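Shown next, in structure tokens, is the structure this report addresses.
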Amino acid sequence: MGLDMDVTTILAFTTAFAVFLYVVMDGFDLGIALLFPLVDDPGDHDIMVNTIAPVWDGNETWLVLGGGAVLAGFPLAYAVLMPALYVPVIAMLLGLVFRGVAFEFRFRSIRRRHWWDRGFVLGSLVAALAQGVALGAILQGVAVEGRAYAGGWWDWLTPFTVLTGISVCLGYALLGASWLILKTEGRLRDRAYALARPLALATLAAIAAVSLATPFLQGDYWRRWFTWPTLAIAAPVPLLTALVALALLRSLAARRDHWPFVLTLALFALCFVGLGVSMFPWIVPGALTIHDAAAPETSQKFFLVGVILLIPVILVYTAYSYWVFRGKVGADAGYH
Amino acid sequence: MFESLDAVLLARMQFAFTMSFHIVFPAFTIGLASYLAVVQTLWLATGREVYHNLFKYWVRVFAVAFGMGVVSGIVMSYQFGTNWSVFSDRAGPVIGPLMAYEVMSAFFLEAGFLGVMLFGMDRVGRGLHAFATYAVALGTLLSAFWILAVNSWMQTPQGHVVADNGQFLPADWWAVIFNPSLPYRLVHMVLAAYLTTALVVGAAGAWHLLRARATAESRVMFSMAMWMLLLVAPVQIVAGDRHGLNTLDHQPTKIMAMEGHFESHPEGAPLYLFGLPNMETGTLDHAVGLPGLGSLILMHDSGAAMSGLDSVPRDQWPPVPVVFWSFRVMVGLGLLMLAVGLWSGLARLKGRLYDWRWLHRAALLAGPAGFVAVLAGWVTTEAGRQPYTIYGLLRTADSVSPIAAPAVGVSLIAFVLVYAAVFAAGVVYMLRMMARPPMPDEHGPVRGAPQRAAGIVPGGAAAATAGRELR
């Protein structure tokens, strides 16, 4: 697999970058909701929501860009994958509805707050599960005939996709816990530390399980991970993952507030590289490569101009927004 | 249970349902974001606290409406793929980059600065906070530009070629984006958003005036809303007329359906006020029309010949009754807005703007008129494009995903249930916020504080006190 840096390949990496930013940024938003039932105090719930209230909308926007980038750059893949993932995608969208409105609604009604909190948790859980399931469904491949999806609407449901669904939930919960460690103090931070360790162990177990199962999905994955020359690129990924995992567990034991979040990000990044090793240059594994699904060059170039001009600006003002709301969020210091 | 319904019809119902719920929120937030930018600017320019209070009052309503627009909008962006995958494959090379530009230039701008706009006043200071408000307002307008470019290209496609595999390939981006109907659609929609917001703001002001609880803030917002109606409703009617002439040039069958012109009129077409469109017989039953006026409005000559649907093969007809009636609802509401605007002008001249109770009642009743008019207008233009997704080029029936009808049916029911619960609650919360008059010491969004509950207590004194303590 030679890495010819044409426009299609650059756009594929851009799309992957957008999806990665979505996963880690909305990952901690969704993860915080998953931790809600494990934190008892309603006041702590308010703080948890306050840590993400000013940024969640921007985080979620990367999901729209991820989808939009596939439509713009690889319309055939979009047209094949969306019907194949019909149930998980619709479930995710409905889950995100409950998650998104909860930020405002839970402060609008004291009487119904527990309902919106329940919607916040369940919506986030459904969205996280659906995203993990979708990832697994793409990895295991979908039936394609001509220019269309050719399978049924429950084809995505297999033991492997259940495993990836649960894995993503665990990973998001870990991200959420390490974000809380970063952004809070006192009792809530203690609770986050207490939750982060078992979540880290469970996430590592899930990463191991998915990594071991993936090569058996398709012969191509096996070849990439266990034969030369791709082995040379693939081999460092598990080694680095092990190192990061150790550092993460140590930083949790040493209670160094910044490091768990940074190291969890690194863990996600390594998982992403691993996925890239398995998939590249497939976009619908076994059926369509990024070049098969590519939009014509006029479309890709026009999109790429926007990417080059606008994404750096977006990153700057996103960073600014995080900077404005930097620091620990206390019980009394809501954003007014 | 869905086997009797075909997947195309279910997919259309799902798109119509989710789109109709979505569009009312952007229609409101486009206008409200601009309104917030205006009152923020007036506050900075004049130093009058009344404008600052109006900002803090409406920004809380904006936060709820914007949140609902965001979550219902993500649904739309993915529905192209789930339910209309063949359309996505064929049109993706043209519309995909435009939608990506919408995300990159508009959605991120709104989302990135929304946090600062809502909660950042104390952290960044007045200048940067105003900048954030402008960025959000600009984002809403850019979003309208790009998505209307996509929609307009689907209505009046140009600047593309069709490849052997059926894909529409962009040949001239400038021609694609600035297609013939874009300028008209954009102006018409943005003005509609401004009018919609003005009607809501005006209705809230009228409510407080009627209940004799009006603060200075209530009067200022009522006055601003009435100025908007007076000045913009006539402009909107002209813009709508121009949009109609543009449609006559590029989508004549849509105009035939809007006008109820089943038969051709070589001697000049009447303007039908009412009638019952009958698709079976191809006639407008019980028609009441003004002779020659249709040609006069559309051709500027009462004797000009106009073709009717009898000149178009039946399999290219849009659903005439839907288009005919939704168009009349929109026009009727537009005239109502004009009437309220003129009435407020008269009241202002007579010095009775704040005590003419019948005007306030009318303004209150007209509060939802903008939303209904926006929906009716979109039904007119979208149903009028049928039976095509890309006018004249790609049929709706050929655009749909290869998905079993039960999948589309079940997801449609899920959307109906979830939207009914969530958006009903959101509307109730917004109405509750508007039911309380804006106070002289208004507080902005207050996060995570139990005192927030006081914000809905009528009178607001306790709420204002609580809000101050939190700051």
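Residues in the structure tokens are numbered from 1 in each chain, the chains being A, B, ... in the order shown, and ligands are numbered from 1 in the order shown.
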I'd like the neighbourhood of A:Val97 as a PyMOL selection string, where a residue qualifies if any of its atoms comes within 8 Å (using only C-alpha atoms), though same-chain residues fewer than 3 positions away should be ignored.
(chain A and resi 93-94+100-101+123) or (chain B and resi 68+71-72)
Spatial neighbours of stretch 292-294 of chain A, max dist 7 Å, only C-alpha atoms, sep filter under 3 positions, as a ChimeraX atom specification
/A:8,73-77,288-289
Write down as a compact mmCIF listing (two decimals) with N, CA and C atoms, in the first residue's frame the residues of stretch 186-285 of chain A whose backbone DSSP state falls under alpha helix (DSSP H).
# COMPACT_ATOMS: atom_id res chain seq x y z
N GLY A 186 -11.92 18.68 44.71
CA GLY A 186 -12.67 18.23 45.88
C GLY A 186 -13.29 16.86 45.70
N ARG A 187 -14.52 16.73 46.24
CA ARG A 187 -15.18 15.44 46.28
C ARG A 187 -15.42 14.85 44.89
N LEU A 188 -15.81 15.74 43.96
CA LEU A 188 -16.11 15.24 42.62
C LEU A 188 -14.86 14.71 41.93
N ARG A 189 -13.74 15.42 42.14
CA ARG A 189 -12.49 14.93 41.55
C ARG A 189 -12.09 13.59 42.17
N ASP A 190 -12.28 13.47 43.49
CA ASP A 190 -11.99 12.19 44.15
C ASP A 190 -12.79 11.06 43.52
N ARG A 191 -14.08 11.35 43.30
CA ARG A 191 -14.94 10.34 42.70
C ARG A 191 -14.47 9.98 41.29
N ALA A 192 -14.05 11.00 40.54
CA ALA A 192 -13.57 10.76 39.18
C ALA A 192 -12.31 9.89 39.20
N TYR A 193 -11.42 10.18 40.14
CA TYR A 193 -10.23 9.33 40.27
C TYR A 193 -10.62 7.89 40.57
N ALA A 194 -11.58 7.73 41.51
CA ALA A 194 -11.99 6.39 41.90
C ALA A 194 -12.60 5.62 40.72
N LEU A 195 -13.30 6.36 39.86
CA LEU A 195 -13.93 5.70 38.70
C LEU A 195 -12.93 5.46 37.57
N ALA A 196 -11.94 6.35 37.46
CA ALA A 196 -11.06 6.31 36.29
C ALA A 196 -10.24 5.03 36.24
N ARG A 197 -9.79 4.54 37.42
CA ARG A 197 -8.92 3.36 37.40
C ARG A 197 -9.63 2.12 36.85
N PRO A 198 -10.78 1.72 37.42
CA PRO A 198 -11.47 0.56 36.80
C PRO A 198 -11.86 0.81 35.35
N LEU A 199 -12.22 2.06 35.02
CA LEU A 199 -12.58 2.35 33.63
C LEU A 199 -11.37 2.19 32.71
N ALA A 200 -10.20 2.61 33.21
CA ALA A 200 -8.98 2.47 32.40
C ALA A 200 -8.69 0.99 32.16
N LEU A 201 -8.81 0.19 33.21
CA LEU A 201 -8.54 -1.25 33.04
C LEU A 201 -9.56 -1.88 32.09
N ALA A 202 -10.82 -1.50 32.24
CA ALA A 202 -11.86 -2.07 31.36
C ALA A 202 -11.65 -1.63 29.92
N THR A 203 -11.26 -0.36 29.73
CA THR A 203 -11.02 0.13 28.38
C THR A 203 -9.85 -0.62 27.74
N LEU A 204 -8.79 -0.83 28.52
CA LEU A 204 -7.63 -1.55 27.98
C LEU A 204 -8.01 -2.98 27.60
N ALA A 205 -8.84 -3.61 28.44
CA ALA A 205 -9.30 -4.97 28.11
C ALA A 205 -10.11 -4.94 26.82
N ALA A 206 -10.95 -3.92 26.68
CA ALA A 206 -11.78 -3.81 25.47
C ALA A 206 -10.92 -3.59 24.23
N ILE A 207 -9.89 -2.71 24.38
CA ILE A 207 -8.99 -2.48 23.25
C ILE A 207 -8.32 -3.78 22.84
N ALA A 208 -7.88 -4.55 23.85
CA ALA A 208 -7.23 -5.83 23.55
C ALA A 208 -8.19 -6.77 22.84
N ALA A 209 -9.42 -6.83 23.32
CA ALA A 209 -10.40 -7.76 22.72
C ALA A 209 -10.69 -7.38 21.27
N VAL A 210 -10.93 -6.08 21.03
CA VAL A 210 -11.24 -5.65 19.66
C VAL A 210 -10.02 -5.89 18.75
N SER A 211 -8.82 -5.59 19.29
CA SER A 211 -7.61 -5.77 18.48
C SER A 211 -7.41 -7.23 18.11
N LEU A 212 -7.70 -8.13 19.06
CA LEU A 212 -7.52 -9.55 18.78
C LEU A 212 -8.58 -10.07 17.83
N ALA A 213 -9.79 -9.52 17.90
CA ALA A 213 -10.88 -10.02 17.05
C ALA A 213 -10.76 -9.50 15.63
N GLY A 219 -9.37 -11.56 5.73
CA GLY A 219 -8.02 -11.99 5.48
C GLY A 219 -7.05 -10.82 5.33
N ASP A 220 -7.57 -9.72 4.78
CA ASP A 220 -6.71 -8.58 4.54
C ASP A 220 -6.18 -7.99 5.85
N TYR A 221 -7.05 -7.92 6.86
CA TYR A 221 -6.61 -7.39 8.16
C TYR A 221 -5.49 -8.26 8.74
N TRP A 222 -5.68 -9.61 8.63
CA TRP A 222 -4.68 -10.55 9.16
C TRP A 222 -3.33 -10.30 8.51
N ARG A 223 -3.37 -10.17 7.17
CA ARG A 223 -2.13 -9.98 6.42
C ARG A 223 -1.41 -8.71 6.86
N ARG A 224 -2.19 -7.65 7.06
CA ARG A 224 -1.58 -6.37 7.41
C ARG A 224 -0.89 -6.41 8.77
N TRP A 225 -1.55 -7.07 9.72
CA TRP A 225 -1.01 -7.04 11.08
C TRP A 225 0.09 -8.06 11.30
N PHE A 226 0.13 -9.15 10.48
CA PHE A 226 1.05 -10.23 10.81
C PHE A 226 2.02 -10.60 9.71
N THR A 230 3.80 -4.50 6.11
CA THR A 230 2.90 -3.68 6.92
C THR A 230 3.12 -3.92 8.41
N LEU A 231 3.66 -5.11 8.72
CA LEU A 231 3.94 -5.43 10.13
C LEU A 231 4.84 -4.37 10.75
N ALA A 232 5.75 -3.84 9.93
CA ALA A 232 6.70 -2.84 10.44
C ALA A 232 5.98 -1.58 10.92
N ILE A 233 4.90 -1.21 10.21
CA ILE A 233 4.12 -0.03 10.63
C ILE A 233 3.20 -0.41 11.78
N ALA A 234 2.69 -1.65 11.70
CA ALA A 234 1.67 -2.06 12.67
C ALA A 234 2.26 -2.35 14.04
N PRO A 236 4.64 -1.22 16.09
CA PRO A 236 4.83 -0.25 17.17
C PRO A 236 3.53 0.17 17.85
N VAL A 237 2.39 0.01 17.15
CA VAL A 237 1.13 0.52 17.72
C VAL A 237 0.79 -0.19 19.04
N PRO A 238 0.77 -1.53 19.08
CA PRO A 238 0.47 -2.17 20.37
C PRO A 238 1.53 -1.88 21.42
N LEU A 239 2.78 -1.75 21.01
CA LEU A 239 3.85 -1.48 21.99
C LEU A 239 3.63 -0.10 22.63
N LEU A 240 3.38 0.90 21.78
CA LEU A 240 3.15 2.24 22.31
C LEU A 240 1.89 2.27 23.18
N THR A 241 0.88 1.52 22.74
CA THR A 241 -0.36 1.47 23.52
C THR A 241 -0.07 0.94 24.92
N ALA A 242 0.75 -0.09 25.00
CA ALA A 242 1.09 -0.65 26.32
C ALA A 242 1.80 0.39 27.17
N LEU A 243 2.72 1.13 26.58
CA LEU A 243 3.46 2.16 27.33
C LEU A 243 2.51 3.25 27.84
N VAL A 244 1.64 3.72 26.94
CA VAL A 244 0.69 4.76 27.33
C VAL A 244 -0.23 4.25 28.44
N ALA A 245 -0.63 2.99 28.31
CA ALA A 245 -1.52 2.42 29.32
C ALA A 245 -0.85 2.42 30.69
N LEU A 246 0.42 2.03 30.72
CA LEU A 246 1.15 2.03 31.99
C LEU A 246 1.25 3.44 32.57
N ALA A 247 1.61 4.38 31.70
CA ALA A 247 1.74 5.77 32.16
C ALA A 247 0.40 6.28 32.68
N LEU A 248 -0.70 5.90 32.01
CA LEU A 248 -2.04 6.34 32.44
C LEU A 248 -2.34 5.82 33.83
N LEU A 249 -2.08 4.52 34.06
CA LEU A 249 -2.37 3.94 35.38
C LEU A 249 -1.51 4.59 36.46
N ARG A 250 -0.26 4.90 36.11
CA ARG A 250 0.62 5.56 37.09
C ARG A 250 0.15 6.98 37.39
N SER A 251 -0.27 7.69 36.33
CA SER A 251 -0.71 9.07 36.57
C SER A 251 -1.97 9.09 37.43
N LEU A 252 -2.80 8.06 37.30
CA LEU A 252 -4.00 7.97 38.14
C LEU A 252 -3.61 7.70 39.59
N ALA A 253 -2.62 6.82 39.76
CA ALA A 253 -2.17 6.50 41.11
C ALA A 253 -1.51 7.72 41.75
N ALA A 254 -0.75 8.47 40.94
CA ALA A 254 -0.03 9.63 41.49
C ALA A 254 -0.90 10.87 41.58
N TRP A 259 -2.47 14.79 33.57
CA TRP A 259 -1.96 13.68 32.75
C TRP A 259 -3.00 12.64 32.35
N PRO A 260 -3.93 12.24 33.22
CA PRO A 260 -4.88 11.21 32.77
C PRO A 260 -5.61 11.60 31.49
N PHE A 261 -6.00 12.88 31.38
CA PHE A 261 -6.72 13.28 30.18
C PHE A 261 -5.82 13.23 28.94
N VAL A 262 -4.62 13.76 29.09
CA VAL A 262 -3.67 13.75 27.97
C VAL A 262 -3.37 12.32 27.53
N LEU A 263 -3.15 11.44 28.51
CA LEU A 263 -2.78 10.06 28.16
C LEU A 263 -3.98 9.29 27.59
N THR A 264 -5.18 9.63 28.06
CA THR A 264 -6.36 8.98 27.45
C THR A 264 -6.50 9.42 26.00
N LEU A 265 -6.24 10.70 25.74
CA LEU A 265 -6.24 11.18 24.35
C LEU A 265 -5.22 10.39 23.52
N ALA A 266 -4.05 10.17 24.11
CA ALA A 266 -3.01 9.41 23.39
C ALA A 266 -3.48 7.99 23.11
N LEU A 267 -4.17 7.41 24.08
CA LEU A 267 -4.71 6.06 23.90
C LEU A 267 -5.69 6.02 22.72
N PHE A 268 -6.57 7.01 22.68
CA PHE A 268 -7.53 7.08 21.57
C PHE A 268 -6.79 7.28 20.24
N ALA A 269 -5.76 8.12 20.26
CA ALA A 269 -5.01 8.38 19.03
C ALA A 269 -4.37 7.09 18.52
N LEU A 270 -3.82 6.30 19.43
CA LEU A 270 -3.18 5.05 19.02
C LEU A 270 -4.22 4.06 18.47
N CYS A 271 -5.38 4.01 19.11
CA CYS A 271 -6.46 3.15 18.59
C CYS A 271 -6.83 3.59 17.18
N PHE A 272 -6.84 4.90 16.97
CA PHE A 272 -7.19 5.42 15.65
C PHE A 272 -6.15 5.03 14.61
N VAL A 273 -4.87 5.12 15.00
CA VAL A 273 -3.81 4.70 14.08
C VAL A 273 -3.97 3.21 13.77
N GLY A 274 -4.29 2.42 14.78
CA GLY A 274 -4.50 0.99 14.57
C GLY A 274 -5.62 0.74 13.58
N LEU A 275 -6.71 1.49 13.74
CA LEU A 275 -7.83 1.35 12.80
C LEU A 275 -7.38 1.73 11.39
N GLY A 276 -6.57 2.77 11.31
CA GLY A 276 -6.06 3.21 10.01
C GLY A 276 -5.23 2.13 9.36
N VAL A 277 -4.38 1.45 10.15
CA VAL A 277 -3.56 0.36 9.61
C VAL A 277 -4.46 -0.73 9.04
N SER A 278 -5.53 -1.04 9.74
CA SER A 278 -6.45 -2.08 9.26
C SER A 278 -7.17 -1.64 7.99
N MET A 279 -7.63 -0.39 7.97
CA MET A 279 -8.57 0.01 6.93
C MET A 279 -7.95 0.62 5.68
Taking 6 positions as the minimum chain separation for residues in the same chain, which residues sit within 12 Å of B:Leu393 when counting only C-alpha atoms? Answer as a PyMOL selection string.
chain B and resi 87+90-91+153-158+160-162+166-168+316+385-387+399
Which residues are near B:Leu375? Cut-off 12 Å, only C-alpha atoms, ignore same chain within fewer than 5 positions. Put them as an NGL selection string.
:B and (16-17 or 19-27 or 189 or 192-193 or 196 or 323 or 326-327 or 329-331 or 333 or 368-370 or 380-383)
List as an MDAnalysis selection string the protein and nucleic acid residues near B:Gln236, meaning an atom at most 10 Å away when only C-alpha atoms are counted, but skip any in the same chain fewer than 5 places from it.
chainID B and resid 187:192 195 229 231 241:242 334 338
Please provide the set of residues having any atom within 12 Å of B:Ala163, restricted to only C-alpha atoms, with same-chain residues fewer than 6 positions apart removed, written as a list in words.
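The residues satisfying every condition are Ala295 and Pro296 of chain A; Asp89, Arg90, Ala91, Pro93, Leu169, Pro170 and Ala171 of chain B.
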Tell me, as a short mmCIF file (atom, residue, chain, number, x, y, z; two decimals) with N, CA and C atoms, in the first residue's frame, which residues lie within 12 Å of stretch 251-254 of chain B, counting only C-alpha atoms; anything in the same chain fewer than 2 positions away does not count.
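Result saved to result-v1.cif:
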data_model
loop_
_atom_site.label_atom_id
_atom_site.label_comp_id
_atom_site.auth_asym_id
_atom_site.auth_seq_id
_atom_site.Cartn_x
_atom_site.Cartn_y
_atom_site.Cartn_z
N SER B 152 -31.43 25.73 -3.76
CA SER B 152 -31.72 26.44 -5.01
C SER B 152 -31.14 25.69 -6.20
N MET B 154 -30.96 22.52 -6.41
CA MET B 154 -31.90 21.42 -6.66
C MET B 154 -33.15 21.93 -7.38
N GLN B 155 -33.50 23.20 -7.17
CA GLN B 155 -34.67 23.78 -7.83
C GLN B 155 -34.33 24.24 -9.24
N THR B 156 -33.20 24.92 -9.37
CA THR B 156 -32.82 25.50 -10.66
C THR B 156 -31.37 25.10 -10.96
N PRO B 157 -31.16 23.79 -11.26
CA PRO B 157 -29.79 23.30 -11.41
C PRO B 157 -29.09 23.88 -12.63
N PRO B 180 -29.84 30.42 -10.69
CA PRO B 180 -30.80 31.51 -10.90
C PRO B 180 -31.74 31.80 -9.73
N SER B 181 -32.09 30.81 -8.93
CA SER B 181 -33.08 31.10 -7.89
C SER B 181 -32.45 31.48 -6.56
N HIS B 243 -39.49 36.64 -6.52
CA HIS B 243 -39.18 35.22 -6.44
C HIS B 243 -40.14 34.43 -7.33
N GLY B 244 -41.42 34.84 -7.32
CA GLY B 244 -42.41 34.17 -8.14
C GLY B 244 -42.12 34.32 -9.63
N LEU B 245 -41.70 35.52 -10.04
CA LEU B 245 -41.37 35.74 -11.46
C LEU B 245 -40.18 34.87 -11.86
N ASN B 246 -39.20 34.74 -10.94
CA ASN B 246 -38.05 33.90 -11.20
C ASN B 246 -38.48 32.44 -11.35
N THR B 247 -39.43 32.03 -10.50
CA THR B 247 -39.93 30.66 -10.58
C THR B 247 -40.65 30.43 -11.91
N LEU B 248 -41.39 31.44 -12.35
CA LEU B 248 -42.09 31.32 -13.64
C LEU B 248 -41.10 31.07 -14.77
N ASP B 249 -39.95 31.73 -14.70
CA ASP B 249 -38.93 31.54 -15.72
C ASP B 249 -38.35 30.13 -15.70
N MET B 256 -47.83 27.04 -12.21
CA MET B 256 -49.16 26.57 -12.63
C MET B 256 -49.90 25.96 -11.44
N ALA B 257 -49.17 25.18 -10.62
CA ALA B 257 -49.81 24.56 -9.46
C ALA B 257 -50.18 25.61 -8.42
N MET B 258 -49.28 26.58 -8.18
CA MET B 258 -49.56 27.63 -7.20
C MET B 258 -50.81 28.41 -7.61
N GLU B 259 -50.94 28.68 -8.92
CA GLU B 259 -52.04 29.51 -9.40
C GLU B 259 -53.29 28.71 -9.68
N GLY B 260 -53.19 27.38 -9.67
CA GLY B 260 -54.35 26.56 -10.04
C GLY B 260 -54.65 26.60 -11.51
N HIS B 261 -53.63 26.86 -12.33
CA HIS B 261 -53.81 26.95 -13.78
C HIS B 261 -53.70 25.57 -14.40
N PHE B 262 -54.81 24.82 -14.35
CA PHE B 262 -54.80 23.52 -15.04
C PHE B 262 -54.84 23.74 -16.55
N GLU B 263 -55.70 24.68 -16.96
CA GLU B 263 -55.88 24.90 -18.40
C GLU B 263 -55.01 26.09 -18.83
N SER B 264 -54.62 26.05 -20.11
CA SER B 264 -53.85 27.16 -20.67
C SER B 264 -54.78 28.34 -20.95
N LEU B 298 -47.96 38.23 -13.27
CA LEU B 298 -46.82 37.40 -13.63
C LEU B 298 -46.14 37.85 -14.92
N MET B 306 -50.71 32.41 -21.09
CA MET B 306 -50.01 31.60 -20.09
C MET B 306 -50.41 30.15 -20.27
N SER B 307 -49.38 29.27 -20.28
CA SER B 307 -49.66 27.85 -20.41
C SER B 307 -50.14 27.30 -19.07
N GLY B 308 -50.93 26.24 -19.14
CA GLY B 308 -51.38 25.56 -17.93
C GLY B 308 -50.84 24.16 -17.88
N LEU B 309 -51.27 23.43 -16.85
CA LEU B 309 -50.76 22.07 -16.67
C LEU B 309 -51.19 21.14 -17.81
N ASP B 310 -52.22 21.56 -18.58
CA ASP B 310 -52.62 20.72 -19.71
C ASP B 310 -51.53 20.65 -20.78
N SER B 311 -50.53 21.53 -20.67
CA SER B 311 -49.42 21.49 -21.62
C SER B 311 -48.25 20.64 -21.09
N VAL B 312 -48.44 20.06 -19.89
CA VAL B 312 -47.37 19.30 -19.25
C VAL B 312 -47.85 17.85 -19.07
N PRO B 313 -47.00 16.85 -19.42
CA PRO B 313 -47.42 15.46 -19.18
C PRO B 313 -47.78 15.23 -17.71
N ARG B 314 -48.80 14.41 -17.48
CA ARG B 314 -49.31 14.22 -16.12
C ARG B 314 -48.26 13.70 -15.16
N ASP B 315 -47.32 12.89 -15.68
CA ASP B 315 -46.33 12.33 -14.74
C ASP B 315 -45.28 13.36 -14.34
N GLN B 316 -45.46 14.61 -14.78
CA GLN B 316 -44.58 15.69 -14.32
C GLN B 316 -45.34 16.72 -13.49
N TRP B 317 -46.57 16.40 -13.12
CA TRP B 317 -47.35 17.34 -12.31
C TRP B 317 -46.94 17.26 -10.84
N PRO B 318 -46.80 18.40 -10.21
CA PRO B 318 -46.68 18.38 -8.75
C PRO B 318 -48.06 18.13 -8.13
N PRO B 319 -48.12 17.83 -6.83
CA PRO B 319 -49.42 17.67 -6.16
C PRO B 319 -50.11 19.02 -6.04
N VAL B 320 -50.99 19.33 -6.97
CA VAL B 320 -51.53 20.69 -7.11
C VAL B 320 -52.26 21.19 -5.84
N PRO B 321 -53.15 20.38 -5.23
CA PRO B 321 -53.86 20.94 -4.07
C PRO B 321 -52.92 21.41 -2.96
N VAL B 322 -51.86 20.62 -2.69
CA VAL B 322 -50.92 21.00 -1.63
C VAL B 322 -50.28 22.35 -1.94
N VAL B 323 -49.78 22.46 -3.18
CA VAL B 323 -49.06 23.67 -3.58
C VAL B 323 -50.02 24.87 -3.61
N PHE B 324 -51.21 24.63 -4.17
CA PHE B 324 -52.23 25.70 -4.30
C PHE B 324 -52.59 26.26 -2.93
N PHE B 327 -49.58 27.87 -0.77
CA PHE B 327 -49.24 29.19 -1.31
C PHE B 327 -50.23 30.24 -0.79
N VAL B 379 -43.40 24.40 2.02
CA VAL B 379 -44.24 23.36 1.41
C VAL B 379 -44.51 23.73 -0.05
N THR B 380 -44.80 25.00 -0.29
CA THR B 380 -45.06 25.45 -1.66
C THR B 380 -43.88 25.14 -2.57
N THR B 381 -42.70 25.53 -2.13
CA THR B 381 -41.55 25.41 -3.04
C THR B 381 -41.08 23.97 -3.16
N GLU B 382 -41.17 23.19 -2.07
CA GLU B 382 -40.68 21.81 -2.12
C GLU B 382 -41.68 20.89 -2.81
N ALA B 383 -42.96 21.00 -2.43
CA ALA B 383 -43.97 20.18 -3.10
C ALA B 383 -44.10 20.61 -4.56
N GLY B 384 -43.87 21.89 -4.81
CA GLY B 384 -43.96 22.40 -6.17
C GLY B 384 -42.84 21.91 -7.07
N ARG B 385 -41.75 21.43 -6.48
CA ARG B 385 -40.64 20.89 -7.27
C ARG B 385 -40.91 19.44 -7.69
N GLN B 386 -41.85 18.80 -6.99
CA GLN B 386 -42.16 17.39 -7.30
C GLN B 386 -42.62 17.26 -8.75
N PRO B 387 -42.48 16.10 -9.35
CA PRO B 387 -42.00 14.83 -8.78
C PRO B 387 -40.48 14.66 -8.81
N TYR B 388 -39.74 15.75 -8.69
CA TYR B 388 -38.29 15.68 -8.81
C TYR B 388 -37.62 16.08 -7.49
N ILE B 390 -34.10 16.81 -8.01
CA ILE B 390 -33.36 17.82 -8.77
C ILE B 390 -34.23 18.13 -9.99
N TYR B 391 -34.73 19.34 -10.01
CA TYR B 391 -35.83 19.70 -10.91
C TYR B 391 -35.55 19.32 -12.36
N GLY B 392 -36.44 18.48 -12.90
CA GLY B 392 -36.36 18.10 -14.29
C GLY B 392 -35.32 17.02 -14.58
#
Could you check which of A:Thr184, A:Gln140, A:Ser109, A:Thr14 is closest to chain B, using only C-alpha atoms?
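Checking each candidate against chain B, we get A:Ser109 as the closest.
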Please identify the strand (DSSP E) residues within stretch 352-461 of chain B (assignment by DSSP from backbone atoms) and present them as number ranges by chain.
B: 388-390, 394-395
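If only C-alpha atoms are the atoms counted, then among B:Leu276, B:Val374, B:Ala421, B:Leu431 the closest residue to B:Val64 is B:Leu431.
Using only C-alpha atoms for every distance, the candidate list B:Gly92, B:Pro270, B:Gly205, B:Gly31 yields B:Gly92 as the residue closest to chain A.
Atom to atom, atom CA of B:Leu148 and atom CA of B:Ala397 stand 22.7 Å apart.
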